[in-house]
$ cat final.cif   # mmCIF, N, CA and C atoms
data_input
#
loop_
_atom_site.label_atom_id
_atom_site.label_comp_id
_atom_site.auth_asym_id
_atom_site.auth_seq_id
_atom_site.Cartn_x
_atom_site.Cartn_y
_atom_site.Cartn_z
N MET J 1 127.92 75.01 141.59
CA MET J 1 126.55 74.59 141.50
C MET J 1 126.26 74.23 140.06
N SER J 2 125.66 73.09 139.85
CA SER J 2 125.31 72.71 138.49
C SER J 2 123.82 72.47 138.39
N GLU J 3 123.26 72.86 137.25
CA GLU J 3 121.83 72.67 137.02
C GLU J 3 121.66 71.80 135.79
N SER J 4 120.70 70.95 135.83
CA SER J 4 120.41 70.18 134.62
C SER J 4 119.00 70.55 134.15
N VAL J 5 118.89 70.68 132.86
CA VAL J 5 117.61 71.03 132.26
C VAL J 5 117.11 69.83 131.50
N THR J 6 115.92 69.44 131.79
CA THR J 6 115.33 68.33 131.03
C THR J 6 114.16 68.86 130.24
N SER J 7 113.97 68.27 129.11
CA SER J 7 112.89 68.70 128.23
C SER J 7 111.79 67.65 128.23
N GLY J 8 110.57 68.12 128.30
CA GLY J 8 109.43 67.22 128.22
C GLY J 8 109.26 66.68 126.82
N ALA J 9 109.97 67.25 125.85
CA ALA J 9 109.83 66.82 124.46
C ALA J 9 110.73 65.64 124.14
N MET J 10 111.67 65.30 125.05
CA MET J 10 112.56 64.17 124.77
C MET J 10 111.74 62.89 124.66
N GLY J 11 112.03 62.16 123.62
CA GLY J 11 111.33 60.90 123.43
C GLY J 11 109.97 61.07 122.79
N MET J 12 109.58 62.29 122.47
CA MET J 12 108.28 62.53 121.86
C MET J 12 108.38 62.31 120.35
N THR J 13 107.42 61.62 119.80
CA THR J 13 107.40 61.40 118.35
C THR J 13 106.58 62.50 117.68
N VAL J 14 106.77 62.64 116.39
CA VAL J 14 105.99 63.61 115.63
C VAL J 14 104.51 63.28 115.74
N GLU J 15 104.20 62.01 115.65
CA GLU J 15 102.80 61.58 115.73
C GLU J 15 102.16 61.99 117.05
N SER J 16 102.89 61.80 118.15
CA SER J 16 102.30 62.16 119.44
C SER J 16 102.24 63.67 119.64
N ALA J 17 103.19 64.41 119.03
CA ALA J 17 103.18 65.86 119.15
C ALA J 17 101.96 66.47 118.47
N PHE J 18 101.53 65.86 117.36
CA PHE J 18 100.40 66.40 116.61
C PHE J 18 99.11 65.62 116.83
N ALA J 19 99.11 64.71 117.77
CA ALA J 19 97.92 63.91 118.05
C ALA J 19 96.77 64.82 118.49
N GLY J 20 95.62 64.58 117.96
CA GLY J 20 94.44 65.35 118.35
C GLY J 20 94.21 66.61 117.52
N MET J 21 95.20 67.00 116.71
CA MET J 21 95.01 68.18 115.88
C MET J 21 94.10 67.83 114.71
N THR J 22 93.26 68.73 114.36
CA THR J 22 92.37 68.50 113.22
C THR J 22 92.70 69.51 112.13
N SER J 23 92.34 69.16 110.93
CA SER J 23 92.60 70.09 109.83
C SER J 23 91.58 71.22 109.87
N VAL J 24 92.00 72.37 109.43
CA VAL J 24 91.15 73.55 109.43
C VAL J 24 90.62 73.75 108.02
N PRO J 25 89.31 73.93 107.87
CA PRO J 25 88.78 74.14 106.53
C PRO J 25 89.28 75.47 105.96
N PRO J 26 89.44 75.57 104.65
CA PRO J 26 89.93 76.81 104.07
C PRO J 26 88.92 77.95 104.28
N VAL J 27 89.45 79.16 104.39
CA VAL J 27 88.60 80.34 104.54
C VAL J 27 87.94 80.63 103.20
N VAL J 28 86.65 80.91 103.23
CA VAL J 28 85.95 81.29 102.00
C VAL J 28 85.30 82.66 102.20
N PHE J 29 85.22 83.40 101.12
CA PHE J 29 84.64 84.73 101.13
C PHE J 29 83.45 84.76 100.20
N ARG J 30 82.38 85.40 100.62
CA ARG J 30 81.21 85.56 99.76
C ARG J 30 81.42 86.77 98.87
N ALA J 31 81.06 86.62 97.62
CA ALA J 31 81.24 87.71 96.67
C ALA J 31 80.10 87.67 95.65
N GLY J 32 80.01 88.74 94.90
CA GLY J 32 79.00 88.81 93.85
C GLY J 32 79.57 89.51 92.63
N CYS J 33 79.02 89.14 91.48
CA CYS J 33 79.48 89.73 90.23
C CYS J 33 78.50 90.83 89.80
N PRO J 34 78.99 92.04 89.54
CA PRO J 34 78.10 93.11 89.10
C PRO J 34 77.61 92.91 87.66
N ASP J 35 78.30 92.09 86.87
CA ASP J 35 77.90 91.86 85.48
C ASP J 35 76.76 90.85 85.37
N CYS J 36 76.97 89.64 85.90
CA CYS J 36 75.95 88.59 85.77
C CYS J 36 75.05 88.46 87.00
N ARG J 37 75.37 89.19 88.05
CA ARG J 37 74.58 89.21 89.31
C ARG J 37 74.62 87.89 90.09
N GLU J 38 75.51 86.98 89.73
CA GLU J 38 75.64 85.73 90.48
C GLU J 38 76.30 85.99 91.82
N ARG J 39 75.96 85.18 92.81
CA ARG J 39 76.59 85.23 94.13
C ARG J 39 77.29 83.90 94.32
N PHE J 40 78.46 83.91 94.96
CA PHE J 40 79.26 82.71 95.08
C PHE J 40 80.26 82.86 96.23
N GLU J 41 80.98 81.81 96.50
CA GLU J 41 82.04 81.83 97.51
C GLU J 41 83.37 81.61 96.82
N LEU J 42 84.38 82.34 97.27
CA LEU J 42 85.73 82.25 96.71
C LEU J 42 86.73 81.94 97.82
N THR J 43 87.73 81.17 97.49
CA THR J 43 88.81 80.93 98.46
C THR J 43 89.79 82.10 98.38
N ALA J 44 90.68 82.17 99.35
CA ALA J 44 91.66 83.25 99.40
C ALA J 44 92.53 83.29 98.15
N SER J 45 92.81 82.14 97.57
CA SER J 45 93.67 82.10 96.38
C SER J 45 93.00 82.68 95.14
N ALA J 46 91.68 82.84 95.16
CA ALA J 46 90.95 83.40 94.01
C ALA J 46 90.85 84.93 94.07
N LEU J 47 91.28 85.51 95.17
CA LEU J 47 91.19 86.96 95.36
C LEU J 47 92.57 87.60 95.38
N ARG J 48 92.62 88.87 95.01
CA ARG J 48 93.84 89.68 95.11
C ARG J 48 93.47 90.98 95.80
N LEU J 49 94.34 91.48 96.64
CA LEU J 49 94.11 92.73 97.34
C LEU J 49 95.24 93.69 97.01
N ALA J 50 94.90 94.90 96.60
CA ALA J 50 95.89 95.94 96.33
C ALA J 50 95.67 97.06 97.33
N ILE J 51 96.70 97.40 98.08
CA ILE J 51 96.60 98.45 99.09
C ILE J 51 97.37 99.66 98.59
N GLY J 52 96.64 100.73 98.34
CA GLY J 52 97.24 101.96 97.85
C GLY J 52 97.39 102.99 98.95
N ALA J 53 97.80 104.18 98.55
CA ALA J 53 98.03 105.26 99.50
C ALA J 53 96.73 105.87 100.01
N THR J 54 95.64 105.71 99.26
CA THR J 54 94.35 106.28 99.66
C THR J 54 93.26 105.22 99.54
N ASN J 55 92.08 105.58 100.04
CA ASN J 55 90.93 104.68 99.91
C ASN J 55 90.57 104.43 98.44
N ARG J 56 90.81 105.42 97.60
CA ARG J 56 90.48 105.29 96.18
C ARG J 56 91.39 104.31 95.45
N THR J 57 92.58 104.09 96.00
CA THR J 57 93.52 103.18 95.35
C THR J 57 93.68 101.86 96.09
N THR J 58 92.79 101.57 97.01
CA THR J 58 92.79 100.29 97.72
C THR J 58 91.58 99.50 97.26
N PHE J 59 91.83 98.30 96.73
CA PHE J 59 90.73 97.51 96.15
C PHE J 59 91.08 96.02 96.19
N TYR J 60 90.05 95.19 95.98
CA TYR J 60 90.29 93.76 95.79
C TYR J 60 89.70 93.38 94.45
N SER J 61 90.22 92.30 93.89
CA SER J 61 89.76 91.88 92.58
C SER J 61 89.70 90.36 92.49
N PHE J 62 88.90 89.89 91.55
CA PHE J 62 88.75 88.46 91.29
C PHE J 62 88.12 88.30 89.91
N THR J 63 88.15 87.09 89.42
CA THR J 63 87.47 86.74 88.17
C THR J 63 86.20 85.99 88.52
N CYS J 64 85.08 86.43 87.96
CA CYS J 64 83.80 85.78 88.25
C CYS J 64 83.85 84.34 87.73
N PRO J 65 83.57 83.36 88.59
CA PRO J 65 83.60 81.97 88.15
C PRO J 65 82.43 81.61 87.24
N GLU J 66 81.41 82.45 87.19
CA GLU J 66 80.23 82.16 86.35
C GLU J 66 80.38 82.71 84.94
N CYS J 67 80.73 84.00 84.82
CA CYS J 67 80.76 84.63 83.50
C CYS J 67 82.17 84.99 83.04
N GLY J 68 83.17 84.88 83.91
CA GLY J 68 84.54 85.17 83.53
C GLY J 68 84.93 86.63 83.55
N ALA J 69 84.03 87.51 84.03
CA ALA J 69 84.32 88.94 84.08
C ALA J 69 85.39 89.24 85.13
N SER J 70 86.25 90.21 84.84
CA SER J 70 87.21 90.69 85.83
C SER J 70 86.48 91.70 86.71
N VAL J 71 86.49 91.47 88.00
CA VAL J 71 85.76 92.32 88.94
C VAL J 71 86.76 93.02 89.85
N ARG J 72 86.54 94.30 90.05
CA ARG J 72 87.37 95.10 90.94
C ARG J 72 86.45 95.91 91.84
N LYS J 73 86.64 95.79 93.16
CA LYS J 73 85.77 96.48 94.11
C LYS J 73 86.62 97.21 95.15
N PRO J 74 86.13 98.37 95.63
CA PRO J 74 86.88 99.11 96.65
C PRO J 74 86.96 98.31 97.95
N ALA J 75 88.04 98.52 98.68
CA ALA J 75 88.23 97.81 99.95
C ALA J 75 88.53 98.82 101.05
N GLY J 76 87.58 98.97 101.96
CA GLY J 76 87.78 99.81 103.13
C GLY J 76 88.61 99.08 104.17
N GLU J 77 88.82 99.73 105.29
CA GLU J 77 89.67 99.17 106.35
C GLU J 77 89.20 97.80 106.81
N ARG J 78 87.92 97.64 107.01
CA ARG J 78 87.38 96.36 107.50
C ARG J 78 87.58 95.24 106.48
N ILE J 79 87.35 95.54 105.21
CA ILE J 79 87.55 94.54 104.15
C ILE J 79 89.02 94.15 104.08
N VAL J 80 89.91 95.13 104.15
CA VAL J 80 91.35 94.85 104.13
C VAL J 80 91.71 93.93 105.30
N GLU J 81 91.18 94.22 106.47
CA GLU J 81 91.46 93.40 107.66
C GLU J 81 90.98 91.97 107.47
N LEU J 82 89.77 91.79 106.94
CA LEU J 82 89.22 90.46 106.73
C LEU J 82 90.00 89.68 105.67
N LEU J 83 90.31 90.34 104.57
CA LEU J 83 91.02 89.65 103.49
C LEU J 83 92.45 89.27 103.89
N THR J 84 93.17 90.18 104.53
CA THR J 84 94.54 89.85 104.94
C THR J 84 94.53 88.76 106.01
N GLY J 85 93.57 88.83 106.93
CA GLY J 85 93.46 87.81 107.96
C GLY J 85 93.08 86.44 107.41
N GLY J 86 92.42 86.45 106.26
CA GLY J 86 92.01 85.20 105.62
C GLY J 86 93.01 84.65 104.64
N GLY J 87 94.18 85.30 104.53
CA GLY J 87 95.23 84.76 103.69
C GLY J 87 95.23 85.20 102.24
N VAL J 88 94.49 86.27 101.92
CA VAL J 88 94.47 86.76 100.55
C VAL J 88 95.81 87.41 100.20
N ARG J 89 96.33 87.09 99.03
CA ARG J 89 97.59 87.68 98.58
C ARG J 89 97.44 89.18 98.43
N THR J 90 98.42 89.92 98.94
CA THR J 90 98.33 91.39 98.99
C THR J 90 99.48 92.03 98.23
N LEU J 91 99.13 93.08 97.50
CA LEU J 91 100.12 93.89 96.78
C LEU J 91 100.03 95.30 97.33
N ARG J 92 101.16 95.84 97.76
CA ARG J 92 101.18 97.21 98.26
C ARG J 92 101.63 98.14 97.14
N LEU J 93 100.78 99.09 96.81
CA LEU J 93 101.07 100.03 95.74
C LEU J 93 101.80 101.23 96.34
N HIS J 94 102.83 101.70 95.67
CA HIS J 94 103.60 102.84 96.14
C HIS J 94 103.33 104.04 95.25
N SER J 95 103.24 105.22 95.85
CA SER J 95 103.03 106.43 95.06
C SER J 95 104.36 106.85 94.44
N THR J 96 104.28 107.55 93.33
CA THR J 96 105.48 108.01 92.64
C THR J 96 105.59 109.52 92.76
N LEU J 97 105.72 110.00 93.98
CA LEU J 97 105.85 111.45 94.21
C LEU J 97 107.27 111.87 94.16
#
$ encode --input "final.cif" --output "structure tokens"
Amino acid sequence: MSESVTSGAMGMTVESAFAGMTSVPPVVFRAGCPDCRERFELTASALRLAIGATNRTTFYSFTCPECGASVRKPAGERIVELLTGGGVRTLRLHSTL
């Protein structure tokens, strides 16, 4: 008994495979600066997330686009979930026990 398998992709061009797809706008996060009190939106590339062993060592950081201050804020579970899901670069901190 012999079986033949045919693919629906045969003869398909790249253009037809991606036809109808639209570009997705970049994810933006709302943030505020504790120094100058400005509120603004940042893309994932402007943020950094550090995940430590405890809540006290888990935080996100960015540079304020208005005043240039380095900002560091605590990140709870929900913030970590939102930032990682939005493509923010993550650094995992290891304890030295």
$ residues_near_point --input "final.cif" --point "(89.7, 103.7, 97.0)" --cutoff "8 Å" --atoms "only N, CA and C atoms" --output "list of chain:residue names"
J:Gly52, J:Ala53, J:Thr54, J:Asn55, J:Arg56, J:Thr57, J:Thr58, J:Phe59, J:Lys73, J:Pro74, J:Ala75, J:Gly76
$ closest_residue --input "final.cif" --among "J:Val71, J:Val88, J:Leu82, J:Leu49" --to "J:Ala31" --atoms "only C-alpha atoms"
J:Val71
$ resolve_selection --input "final.cif" --expression "the PyMOL selection byres (((chain J and resi 84 and name CA) around 12) and name CA)" --output "PDB file with N, CA and C atoms, keeping the file's coordinate frame"
ATOM      1  N   VAL J  27      89.450  79.160 104.390  1.00  0.00           N
ATOM      2  CA  VAL J  27      88.600  80.340 104.540  1.00  0.00           C
ATOM      3  C   VAL J  27      87.940  80.630 103.200  1.00  0.00           C
ATOM      4  N   PHE J  29      85.220  83.400 101.120  1.00  0.00           N
ATOM      5  CA  PHE J  29      84.640  84.730 101.130  1.00  0.00           C
ATOM      6  C   PHE J  29      83.450  84.760 100.200  1.00  0.00           C
ATOM      7  N   ALA J  44      90.680  82.170  99.350  1.00  0.00           N
ATOM      8  CA  ALA J  44      91.660  83.250  99.400  1.00  0.00           C
ATOM      9  C   ALA J  44      92.530  83.290  98.150  1.00  0.00           C
ATOM     10  N   SER J  45      92.810  82.140  97.570  1.00  0.00           N
ATOM     11  CA  SER J  45      93.670  82.100  96.380  1.00  0.00           C
ATOM     12  C   SER J  45      93.000  82.680  95.140  1.00  0.00           C
ATOM     13  N   LEU J  47      91.280  85.510  95.170  1.00  0.00           N
ATOM     14  CA  LEU J  47      91.190  86.960  95.360  1.00  0.00           C
ATOM     15  C   LEU J  47      92.570  87.600  95.380  1.00  0.00           C
ATOM     16  N   ARG J  48      92.620  88.870  95.010  1.00  0.00           N
ATOM     17  CA  ARG J  48      93.840  89.680  95.110  1.00  0.00           C
ATOM     18  C   ARG J  48      93.470  90.980  95.800  1.00  0.00           C
ATOM     19  N   LEU J  49      94.340  91.480  96.640  1.00  0.00           N
ATOM     20  CA  LEU J  49      94.110  92.730  97.340  1.00  0.00           C
ATOM     21  C   LEU J  49      95.240  93.690  97.010  1.00  0.00           C
ATOM     22  N   ALA J  50      94.900  94.900  96.600  1.00  0.00           N
ATOM     23  CA  ALA J  50      95.890  95.940  96.330  1.00  0.00           C
ATOM     24  C   ALA J  50      95.670  97.060  97.330  1.00  0.00           C
ATOM     25  N   ILE J  51      96.700  97.400  98.080  1.00  0.00           N
ATOM     26  CA  ILE J  51      96.600  98.450  99.090  1.00  0.00           C
ATOM     27  C   ILE J  51      97.370  99.660  98.590  1.00  0.00           C
ATOM     28  N   TYR J  60      90.050  95.190  95.980  1.00  0.00           N
ATOM     29  CA  TYR J  60      90.290  93.760  95.790  1.00  0.00           C
ATOM     30  C   TYR J  60      89.700  93.380  94.450  1.00  0.00           C
ATOM     31  N   ALA J  75      88.040  98.520  98.680  1.00  0.00           N
ATOM     32  CA  ALA J  75      88.230  97.810  99.950  1.00  0.00           C
ATOM     33  C   ALA J  75      88.530  98.820 101.050  1.00  0.00           C
ATOM     34  N   GLU J  77      88.820  99.730 105.290  1.00  0.00           N
ATOM     35  CA  GLU J  77      89.670  99.170 106.350  1.00  0.00           C
ATOM     36  C   GLU J  77      89.200  97.800 106.810  1.00  0.00           C
ATOM     37  N   ARG J  78      87.920  97.640 107.010  1.00  0.00           N
ATOM     38  CA  ARG J  78      87.380  96.360 107.500  1.00  0.00           C
ATOM     39  C   ARG J  78      87.580  95.240 106.480  1.00  0.00           C
ATOM     40  N   ILE J  79      87.350  95.540 105.210  1.00  0.00           N
ATOM     41  CA  ILE J  79      87.550  94.540 104.150  1.00  0.00           C
ATOM     42  C   ILE J  79      89.020  94.150 104.080  1.00  0.00           C
ATOM     43  N   VAL J  80      89.910  95.130 104.150  1.00  0.00           N
ATOM     44  CA  VAL J  80      91.350  94.850 104.130  1.00  0.00           C
ATOM     45  C   VAL J  80      91.710  93.930 105.300  1.00  0.00           C
ATOM     46  N   GLU J  81      91.180  94.220 106.470  1.00  0.00           N
ATOM     47  CA  GLU J  81      91.460  93.400 107.660  1.00  0.00           C
ATOM     48  C   GLU J  81      90.980  91.970 107.470  1.00  0.00           C
ATOM     49  N   LEU J  82      89.770  91.790 106.940  1.00  0.00           N
ATOM     50  CA  LEU J  82      89.220  90.460 106.730  1.00  0.00           C
ATOM     51  C   LEU J  82      90.000  89.680 105.670  1.00  0.00           C
ATOM     52  N   LEU J  83      90.310  90.340 104.570  1.00  0.00           N
ATOM     53  CA  LEU J  83      91.020  89.650 103.490  1.00  0.00           C
ATOM     54  C   LEU J  83      92.450  89.270 103.890  1.00  0.00           C
ATOM     55  N   GLY J  85      93.570  88.830 106.930  1.00  0.00           N
ATOM     56  CA  GLY J  85      93.460  87.810 107.960  1.00  0.00           C
ATOM     57  C   GLY J  85      93.080  86.440 107.410  1.00  0.00           C
ATOM     58  N   GLY J  86      92.420  86.450 106.260  1.00  0.00           N
ATOM     59  CA  GLY J  86      92.010  85.200 105.620  1.00  0.00           C
ATOM     60  C   GLY J  86      93.010  84.650 104.640  1.00  0.00           C
ATOM     61  N   GLY J  87      94.180  85.300 104.530  1.00  0.00           N
ATOM     62  CA  GLY J  87      95.230  84.760 103.690  1.00  0.00           C
ATOM     63  C   GLY J  87      95.230  85.200 102.240  1.00  0.00           C
ATOM     64  N   VAL J  88      94.490  86.270 101.920  1.00  0.00           N
ATOM     65  CA  VAL J  88      94.470  86.760 100.550  1.00  0.00           C
ATOM     66  C   VAL J  88      95.810  87.410 100.200  1.00  0.00           C
ATOM     67  N   ARG J  89      96.330  87.090  99.030  1.00  0.00           N
ATOM     68  CA  ARG J  89      97.590  87.680  98.580  1.00  0.00           C
ATOM     69  C   ARG J  89      97.440  89.180  98.430  1.00  0.00           C
ATOM     70  N   THR J  90      98.420  89.920  98.940  1.00  0.00           N
ATOM     71  CA  THR J  90      98.330  91.390  98.990  1.00  0.00           C
ATOM     72  C   THR J  90      99.480  92.030  98.230  1.00  0.00           C
ATOM     73  N   LEU J  91      99.130  93.080  97.500  1.00  0.00           N
ATOM     74  CA  LEU J  91     100.120  93.890  96.780  1.00  0.00           C
ATOM     75  C   LEU J  91     100.030  95.300  97.330  1.00  0.00           C
ATOM     76  N   ARG J  92     101.160  95.840  97.760  1.00  0.00           N
ATOM     77  CA  ARG J  92     101.180  97.210  98.260  1.00  0.00           C
ATOM     78  C   ARG J  92     101.630  98.140  97.140  1.00  0.00           C
TER      79      ARG J  92
END
$ select_by_dssp --input "final.cif" --residues "stretch 9-83 of chain J" --states "alpha helix (DSSP H)" --output "list in words"
Val14, Glu15, Ser16, Ala17, Glu77, Arg78, Ile79, Val80, Glu81, Leu82 and Leu83 of chain J
$ select_by_dssp --input "final.cif" --residues "chain J" --states "strand (DSSP E or B)" --output "list in words"
Val28, Phe29, Arg30, Ala31, Gly32, Arg39, Phe40, Glu41, Leu42, Thr43, Arg48, Leu49, Ala50, Ile51, Phe59, Tyr60, Ser61, Phe62, Thr63, Ser70, Val71, Arg72, Lys73, Pro74, Arg89, Thr90, Leu91 and Arg92 of chain J
$ atom_distance --input "final.cif" --atom1 "atom CA of J:Pro25" --atom2 "atom C of J:Leu42"
11.9 Å
$ closest_residue --input "final.cif" --among "J:Leu93, J:Ala46, J:Val24, J:Cys36" --to "J:Ala69" --atoms "only N, CA and C atoms"
J:Cys36
$ atom_distance --input "final.cif" --atom1 "atom CA of J:His94" --atom2 "atom CA of J:Val28"
28.5 Å
$ residues_around --input "final.cif" --residues "J:Gly68" --least-positions-apart "4" --cutoff "10 Å" --atoms "only C-alpha atoms" --output "PyMOL selection string"
chain J and resi 33+35-36+62-64
$ atom_distance --input "final.cif" --atom1 "atom CA of J:Ala19" --atom2 "atom CA of J:Thr43"
27.5 Å
$ build_atoms --input "final.cif" --residues "stretch 35-45 of chain J" --atoms "all heavy atoms" --output "compact mmCIF listing (two decimals), in the coordinates of the input"
# COMPACT_ATOMS: atom_id res chain seq x y z
N ASP J 35 78.30 92.09 86.87
CA ASP J 35 77.90 91.86 85.48
C ASP J 35 76.76 90.85 85.37
O ASP J 35 75.71 91.14 84.80
CB ASP J 35 79.09 91.39 84.64
CG ASP J 35 80.10 92.49 84.39
OD1 ASP J 35 79.83 93.66 84.75
OD2 ASP J 35 81.17 92.18 83.85
N CYS J 36 76.97 89.64 85.90
CA CYS J 36 75.95 88.59 85.77
C CYS J 36 75.05 88.46 87.00
O CYS J 36 74.11 87.67 86.99
CB CYS J 36 76.61 87.26 85.44
SG CYS J 36 77.56 86.51 86.80
N ARG J 37 75.37 89.19 88.05
CA ARG J 37 74.58 89.21 89.31
C ARG J 37 74.62 87.89 90.09
O ARG J 37 73.84 87.70 91.01
CB ARG J 37 73.13 89.58 89.04
CG ARG J 37 72.93 90.89 88.34
CD ARG J 37 72.89 91.98 89.36
NE ARG J 37 72.56 93.24 88.71
CZ ARG J 37 73.05 94.38 89.08
NH1 ARG J 37 73.87 94.44 90.09
NH2 ARG J 37 72.72 95.49 88.48
N GLU J 38 75.51 86.98 89.73
CA GLU J 38 75.64 85.73 90.48
C GLU J 38 76.30 85.99 91.82
O GLU J 38 77.11 86.90 91.95
CB GLU J 38 76.47 84.71 89.69
CG GLU J 38 75.72 84.00 88.61
CD GLU J 38 74.60 83.11 89.12
OE1 GLU J 38 74.76 82.43 90.16
OE2 GLU J 38 73.54 83.11 88.48
N ARG J 39 75.96 85.18 92.81
CA ARG J 39 76.59 85.23 94.13
C ARG J 39 77.29 83.90 94.32
O ARG J 39 76.78 82.86 93.91
CB ARG J 39 75.54 85.44 95.22
CG ARG J 39 74.64 86.60 94.91
CD ARG J 39 74.57 87.79 95.79
NE ARG J 39 75.27 87.90 97.01
CZ ARG J 39 76.17 88.86 97.24
NH1 ARG J 39 76.48 89.70 96.31
NH2 ARG J 39 76.75 88.95 98.40
N PHE J 40 78.46 83.91 94.96
CA PHE J 40 79.26 82.71 95.08
C PHE J 40 80.26 82.86 96.23
O PHE J 40 80.35 83.94 96.82
CB PHE J 40 80.01 82.41 93.77
CG PHE J 40 80.52 83.65 93.09
CD1 PHE J 40 81.69 84.25 93.49
CD2 PHE J 40 79.78 84.24 92.07
CE1 PHE J 40 82.14 85.40 92.88
CE2 PHE J 40 80.22 85.40 91.46
CZ PHE J 40 81.41 85.98 91.86
N GLU J 41 80.98 81.81 96.50
CA GLU J 41 82.04 81.83 97.51
C GLU J 41 83.37 81.61 96.82
O GLU J 41 83.47 80.81 95.88
CB GLU J 41 81.80 80.75 98.57
CG GLU J 41 80.60 81.03 99.43
CD GLU J 41 80.41 79.99 100.53
OE1 GLU J 41 80.94 78.88 100.42
OE2 GLU J 41 79.70 80.32 101.50
N LEU J 42 84.38 82.34 97.27
CA LEU J 42 85.73 82.25 96.71
C LEU J 42 86.73 81.94 97.82
O LEU J 42 86.58 82.44 98.94
CB LEU J 42 86.13 83.57 96.05
CG LEU J 42 85.28 84.04 94.86
CD1 LEU J 42 85.66 85.46 94.49
CD2 LEU J 42 85.48 83.11 93.68
N THR J 43 87.73 81.17 97.49
CA THR J 43 88.81 80.93 98.46
C THR J 43 89.79 82.10 98.38
O THR J 43 89.77 82.90 97.44
CB THR J 43 89.56 79.62 98.14
OG1 THR J 43 90.14 79.72 96.84
CG2 THR J 43 88.62 78.43 98.21
N ALA J 44 90.68 82.17 99.35
CA ALA J 44 91.66 83.25 99.40
C ALA J 44 92.53 83.29 98.15
O ALA J 44 92.91 84.36 97.68
CB ALA J 44 92.54 83.10 100.64
N SER J 45 92.81 82.14 97.57
CA SER J 45 93.67 82.10 96.38
C SER J 45 93.00 82.68 95.14
O SER J 45 93.68 83.02 94.17
CB SER J 45 94.13 80.67 96.10
OG SER J 45 93.02 79.86 95.80
